[in-house]
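One structure is given here, and the rest of the page talks about it.
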Amino acid sequence: MVMQAIRVAQHVGSCHSKGMENAVKHQVAVVIVAAGRGERAGLADGPKQYRMMGGQSVLACTVSQFQRCAAIDCIQVVIHADDVDHYNTALTDWDKVLPPTIGGRTRQESVRAGLNALEAHTPESVLIHDAARPFVSQNLIERTVMALHTDPGVLPALPVVNTLKRSSKGDFVEGTVDRCQLHAAQTPQGFHFKPILAAHQQAEALGQTEMTDDSAIAEWAEIPVRLIEGDAKNKKLTTAQDLNEAQMAMETPIVDVRVGHGYDTHQLVPGDHVWLCGHRIEHNATLSGHSDADVGLHALTDALLSAIADGDIGSHFPPSDEQWKGARSDIFLKHAVSRVGQCGGTITHMDVTLICEQPKIGPHRDAMRAAIAAISGVVVERISVKATTNERMGFIGREEGIVALATATVVMRGTL
């Protein structure tokens with residue numbers, strides 16, 4: 001019954017199939033383990049993977065790194081049975097993300113659940129990553145995938161640089177540990193899929209359930225694991241202090257600010273209303289178009305897609321596709337907002353200018369701003385709608401059509 005409550009993403013991507021008969025074979029899959037309780041980080045505000053950081057959850061930050069990577073075909077998130085609502089809030093419309101699966105009591109059990117869920121998709125390789133490592137880089141992901149071309153197991157790790165002391169009771173030093181052969185393991189750890197799945201299943205059958213990472217299971221199953229250089233920034237968020245420091249880092253001023261522009265125009269034809277910026281206005285004409293012809297939302301959709309260099313409204317929703325005939329333009333704007341989030345962006349401002357002689361926009365401006373806010377999830381204080389006439393000149397002046405200009409400002413995580 002738990003799984004019935006989980007929202008399945010509406011957008012179909014490379015990781016979804018249109019029925020079992022059209023199942024797609026994925027080359028590289030990812031298991032993201034997000035079923036832990038995070039006791040060391042404190043539970044007052046919920047599990048650490050759902051804590052907010054830089055405007056989105058830790059889990060969303062982590063998933064977005066794999067979502068953006070061209071080397072990754074699909075993503076399987078493993079969650080706790082109690083976290084369905086948290087998950088549905090954190091992730092929506094991620095085209096590489098499969099429906100989540102429920103984890104177990106230990107990390108090992110949760111990874112096995114994720115691998116079992118992926119078995120039907122028959123990936124050739126799999127990366128296994130902790131949800132609490134949101135700063136994993138594209139470079140590390142790509143290097144791990146590349147290493148799997150020649151090795152059945154890959155472990156990113158960093159040499160231990162601190163002097164290590166041994167103490168059985170924790171009060172007096174009993175000796176110094178030679179660190180020259182020691183490495184600190186990170187994730188994502190990569191494996192050829194079938195061997196690591198078989199190793200997990202065999203470990204379960206033999207009662208080996210307490211191994212703390214997947215390279216340990218690979219060692220136990222005699223799967224060779226190659227060390228590659230890890231990344232010092234790929235830190236695991238374990239304690240409340242880790243979370244606070246990560247939040248402060250995400251709040252550091254970011255220089256990668258994008259501004260996108262959009263333009264749209266539609267002809268006015270006989271009718272009784274127009275849709276403008278998600279708001280219906282009674283009028284003596286209507287806008288002609290394949291969808292509801294909302295020039296305001298169309299221009300704003302293009303502005304958002306422009307900011308992330310992701311094509312335009314026509315490339316995402318071709319007018320030749322009959323499924324969009326008469327569609328509400330809310331769908332287009334929601335999609336663009338989702339794409340911005342998947343690319344690691346935060347929308348900070350949206351502006352629409354409507355150019356028309358009629359209808360008068362002033363009385364409807366606040367309703368339009370509220371409609372855009374409701375569709376996009378951006379607070380209304382960051383949304384501007386204004387209008388001007390064309391001084392009775394041209395096709396606008398003759399009331400033959402309406403034009404919309406839009407600007408969207410998007411802040412990307414990271415720096416230029």
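Simple scheme: letters A, B, ... for chains in structure tokens order, numbers from 1 for residues in each chain, numbers from 1 for ligands in the order shown.
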Exercise. Counting only C-alpha atoms, what is within 7 Å of Ala387 (chain A), bar same-chain residues fewer than 3 positions away, as a PyMOL selection string?
Worked result: chain A and resi 353-355+361
Would you mind exporting C-alpha atoms of the selected residues as a CSV table (one decimal), in the first residue's frame?
```csv
chain,number,residue,atom,x,y,z
A,353,THR,CA,5.2,42.8,-20.9
A,354,LEU,CA,1.9,42.6,-22.8
A,355,ILE,CA,1.5,44.8,-25.9
A,361,ILE,CA,-4.5,44.8,-18.6
```
For this session: Determine, counting only C-alpha atoms, which protein, DNA and RNA residues have an atom within 8 Å of an atom of Val28 (chain A); residues of the same chain fewer than 5 positions away are not included. Present the result as a list in words.
Result: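 These residues fall inside the cut-off: Ala71, Ile72, Asp73, Cys74, Pro123, Glu124, Ser125, Val126, Leu127 and Val145 of chain A.
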Problem set entry | region 49-260 of chain A: residues DSSP assigns to strand (DSSP E), reported as a PyMOL selection string | chain A and resi 52-53+56-57+74-79+101-102+125-130+153-159+164-166+175-177+183-185+189-192+226-229+257-260
For this session: Using only C-alpha atoms, determine which residues lie at most 9 Å from region 244-248 of chain A, disregarding the query and same-chain residues fewer than 6 positions distant; provide the list as a ChimeraX atom specification.
Result: /A:52-54,237
For this session: Please identify all polymer residues within 6 Å of Gln49 (chain A), counting only C-alpha atoms, omitting same-chain residues fewer than 2 positions from it, and present them as a list in words.
Result: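 Everything that qualifies: Pro47, Arg51, Val58, Leu59 and Ala132 of chain A.
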Pull C-alpha atoms from the residues just selected and write them as a compact mmCIF listing (two decimals), in the first residue's frame.
```
# COMPACT_ATOMS: atom_id res chain seq x y z
CA PRO A 47 15.82 13.01 7.85
CA ARG A 51 16.72 19.13 4.81
CA VAL A 58 19.79 17.61 -0.02
CA LEU A 59 18.29 14.71 -2.00
CA ALA A 132 23.97 12.63 1.72
```
For this session: Record the distance separating CA of Arg339 (chain A) and CA of Gly314 (chain A), expressed in Å with one decimal.
Result: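 Computed distance, CA of Arg339 (chain A) to CA of Gly314 (chain A), equals 14.8 Å.
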For this session: Give the answer as one residue: which of A:Ile223, A:Ala336, A:Ala303, A:Ala367 has the shortest atom-to-atom distance to Thr409 (chain A), using only C-alpha atoms?
Result: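 Among the listed residues, A:Ala303 lies closest to Thr409 (chain A).
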For this session: Using only C-alpha atoms, determine which residues lie at most 10 Å from Arg226 (chain A), disregarding the query and same-chain residues fewer than 4 positions distant; provide the list as a list of chain:residue names.
Result: A:Thr144, A:Ala147, A:Leu148, A:Thr150, A:Asp151, A:Pro152, A:Gly153, A:Val154, A:Leu155, A:Pro156, A:Ala157, A:Gly190, A:Ser215
Hey, can you spit out that residue selection with N, CA and C atoms as a PDB file, in the first residue's frame?
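Below you can see part.pdb, which holds the result:
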```pdb
ATOM      1  N   THR A 144      34.185   7.768 -12.989  1.00  0.00           N
ATOM      2  CA  THR A 144      33.770   6.463 -12.471  1.00  0.00           C
ATOM      3  C   THR A 144      33.168   5.617 -13.584  1.00  0.00           C
ATOM      4  N   ALA A 147      35.922   4.369 -15.963  1.00  0.00           N
ATOM      5  CA  ALA A 147      36.724   3.283 -15.401  1.00  0.00           C
ATOM      6  C   ALA A 147      36.013   1.946 -15.507  1.00  0.00           C
ATOM      7  N   LEU A 148      34.688   1.968 -15.541  1.00  0.00           N
ATOM      8  CA  LEU A 148      33.928   0.713 -15.660  1.00  0.00           C
ATOM      9  C   LEU A 148      34.028   0.106 -17.057  1.00  0.00           C
ATOM     10  N   THR A 150      36.748  -0.746 -18.295  1.00  0.00           N
ATOM     11  CA  THR A 150      37.844  -1.724 -18.227  1.00  0.00           C
ATOM     12  C   THR A 150      37.871  -2.533 -16.941  1.00  0.00           C
ATOM     13  N   ASP A 151      37.172  -2.075 -15.903  1.00  0.00           N
ATOM     14  CA  ASP A 151      37.224  -2.763 -14.606  1.00  0.00           C
ATOM     15  C   ASP A 151      35.828  -3.082 -14.097  1.00  0.00           C
ATOM     16  N   PRO A 152      35.658  -4.226 -13.413  1.00  0.00           N
ATOM     17  CA  PRO A 152      34.331  -4.609 -12.919  1.00  0.00           C
ATOM     18  C   PRO A 152      33.900  -3.863 -11.667  1.00  0.00           C
ATOM     19  N   GLY A 153      34.836  -3.214 -10.991  1.00  0.00           N
ATOM     20  CA  GLY A 153      34.508  -2.449  -9.800  1.00  0.00           C
ATOM     21  C   GLY A 153      35.387  -1.219  -9.712  1.00  0.00           C
ATOM     22  N   VAL A 154      34.817  -0.087  -9.264  1.00  0.00           N
ATOM     23  CA  VAL A 154      35.551   1.173  -9.190  1.00  0.00           C
ATOM     24  C   VAL A 154      35.207   1.864  -7.872  1.00  0.00           C
ATOM     25  N   LEU A 155      36.243   2.306  -7.155  1.00  0.00           N
ATOM     26  CA  LEU A 155      36.049   2.976  -5.870  1.00  0.00           C
ATOM     27  C   LEU A 155      36.784   4.310  -5.859  1.00  0.00           C
ATOM     28  N   PRO A 156      36.059   5.445  -5.852  1.00  0.00           N
ATOM     29  CA  PRO A 156      36.726   6.732  -5.645  1.00  0.00           C
ATOM     30  C   PRO A 156      37.187   6.822  -4.192  1.00  0.00           C
ATOM     31  N   ALA A 157      38.413   7.244  -3.989  1.00  0.00           N
ATOM     32  CA  ALA A 157      38.947   7.321  -2.632  1.00  0.00           C
ATOM     33  C   ALA A 157      40.040   8.371  -2.566  1.00  0.00           C
ATOM     34  N   GLY A 190      31.229   2.238  -8.453  1.00  0.00           N
ATOM     35  CA  GLY A 190      30.691   1.705  -9.698  1.00  0.00           C
ATOM     36  C   GLY A 190      31.010   0.236  -9.879  1.00  0.00           C
ATOM     37  N   SER A 215      31.935  -1.664  -1.951  1.00  0.00           N
ATOM     38  CA  SER A 215      33.240  -2.225  -2.263  1.00  0.00           C
ATOM     39  C   SER A 215      33.596  -3.338  -1.285  1.00  0.00           C
TER      40      SER A 215
END
```
Problem set entry | A:Glu229, A:Asp93, A:Asp214, A:Asp264 ranked by distance to Val31 (chain A), top pick (using only C-alpha atoms) | A:Asp214
For this session: Once DSSP has gone over the backbone, tell me which residues of region 62-254 of chain A are in alpha helix (DSSP H), as a ChimeraX atom specification.
Result: /A:62-67,84-90,107-118,138-147,193-205,214-220,240-250
For this session: Determine the nearest neighbour of Ile396 (chain A) from the options A:His364, A:His266, A:His335, A:Arg280, counting only C-alpha atoms.
Result: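 That would be A:His266, the residue with the smallest distance to Ile396 (chain A).
Every protein, DNA or RNA residue with an atom at most 7 Å from region 99-116 of chain A, where only C-alpha atoms count and chain neighbours fewer than 4 positions away do not, is listed here: Val8, Val31, Val33, Ala35, Gln76, Val77, Val78, Ile79, His80, Ala81, Leu197, His200, Thr209, Glu210, Met211 and Thr212 of chain A.
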Pull N, CA and C atoms from the residues just selected and write them as a PDB file, in the first residue's frame.
```
ATOM      1  N   VAL A   8       4.206   8.824  -9.461  1.00  0.00           N
ATOM      2  CA  VAL A   8       5.050   8.462 -10.590  1.00  0.00           C
ATOM      3  C   VAL A   8       5.197   9.680 -11.485  1.00  0.00           C
ATOM      4  N   VAL A  31      21.942   3.888  -8.371  1.00  0.00           N
ATOM      5  CA  VAL A  31      21.150   3.689  -7.160  1.00  0.00           C
ATOM      6  C   VAL A  31      21.553   4.775  -6.175  1.00  0.00           C
ATOM      7  N   VAL A  33      20.962   5.949  -2.409  1.00  0.00           N
ATOM      8  CA  VAL A  33      20.461   5.407  -1.150  1.00  0.00           C
ATOM      9  C   VAL A  33      20.001   6.565  -0.269  1.00  0.00           C
ATOM     10  N   ALA A  35      17.395   6.064   2.325  1.00  0.00           N
ATOM     11  CA  ALA A  35      16.455   5.456   3.271  1.00  0.00           C
ATOM     12  C   ALA A  35      16.883   5.603   4.717  1.00  0.00           C
ATOM     13  N   GLN A  76      17.633   5.227  -9.797  1.00  0.00           N
ATOM     14  CA  GLN A  76      16.722   4.532  -8.880  1.00  0.00           C
ATOM     15  C   GLN A  76      16.985   5.038  -7.462  1.00  0.00           C
ATOM     16  N   VAL A  77      16.031   5.759  -6.902  1.00  0.00           N
ATOM     17  CA  VAL A  77      16.164   6.259  -5.538  1.00  0.00           C
ATOM     18  C   VAL A  77      15.521   5.255  -4.582  1.00  0.00           C
ATOM     19  N   VAL A  78      16.209   4.992  -3.473  1.00  0.00           N
ATOM     20  CA  VAL A  78      15.708   4.073  -2.445  1.00  0.00           C
ATOM     21  C   VAL A  78      15.357   4.901  -1.219  1.00  0.00           C
ATOM     22  N   ILE A  79      14.114   4.824  -0.762  1.00  0.00           N
ATOM     23  CA  ILE A  79      13.650   5.676   0.323  1.00  0.00           C
ATOM     24  C   ILE A  79      13.103   4.839   1.476  1.00  0.00           C
ATOM     25  N   HIS A  80      12.916   5.485   2.601  1.00  0.00           N
ATOM     26  CA  HIS A  80      12.293   4.856   3.763  1.00  0.00           C
ATOM     27  C   HIS A  80      10.771   4.850   3.577  1.00  0.00           C
ATOM     28  N   ALA A  81      10.119   3.838   4.116  1.00  0.00           N
ATOM     29  CA  ALA A  81       8.665   3.718   3.962  1.00  0.00           C
ATOM     30  C   ALA A  81       7.918   4.913   4.548  1.00  0.00           C
ATOM     31  N   LEU A 197      24.980  -7.334  -8.270  1.00  0.00           N
ATOM     32  CA  LEU A 197      23.658  -7.812  -7.851  1.00  0.00           C
ATOM     33  C   LEU A 197      23.771  -9.216  -7.272  1.00  0.00           C
ATOM     34  N   HIS A 200      25.348  -9.115  -3.788  1.00  0.00           N
ATOM     35  CA  HIS A 200      24.393  -8.669  -2.762  1.00  0.00           C
ATOM     36  C   HIS A 200      23.411  -9.781  -2.416  1.00  0.00           C
ATOM     37  N   THR A 209      25.029  -9.246   6.421  1.00  0.00           N
ATOM     38  CA  THR A 209      24.144  -8.087   6.235  1.00  0.00           C
ATOM     39  C   THR A 209      24.675  -6.783   6.823  1.00  0.00           C
ATOM     40  N   GLU A 210      25.886  -6.759   7.355  1.00  0.00           N
ATOM     41  CA  GLU A 210      26.356  -5.571   8.057  1.00  0.00           C
ATOM     42  C   GLU A 210      27.539  -4.894   7.383  1.00  0.00           C
ATOM     43  N   MET A 211      27.783  -5.148   6.099  1.00  0.00           N
ATOM     44  CA  MET A 211      28.888  -4.488   5.410  1.00  0.00           C
ATOM     45  C   MET A 211      28.516  -3.038   5.107  1.00  0.00           C
ATOM     46  N   THR A 212      29.459  -2.135   5.341  1.00  0.00           N
ATOM     47  CA  THR A 212      29.117  -0.709   5.351  1.00  0.00           C
ATOM     48  C   THR A 212      29.190  -0.038   3.986  1.00  0.00           C
TER      49      THR A 212
END
```
Seminar exercise, completed: Among A:Thr388, A:Asp330, A:Ile196, A:Gln342, Ala90 (chain A) is approached most closely, using only C-alpha atoms, by A:Gln342
Exercise. Do you know which residues are at most 6 Å from Leu268 (chain A) counting only C-alpha atoms, after dropping those on the same chain fewer than 5 positions away, and could you put them as a ChimeraX atom specification?
Worked result: /A:286-287,400-401
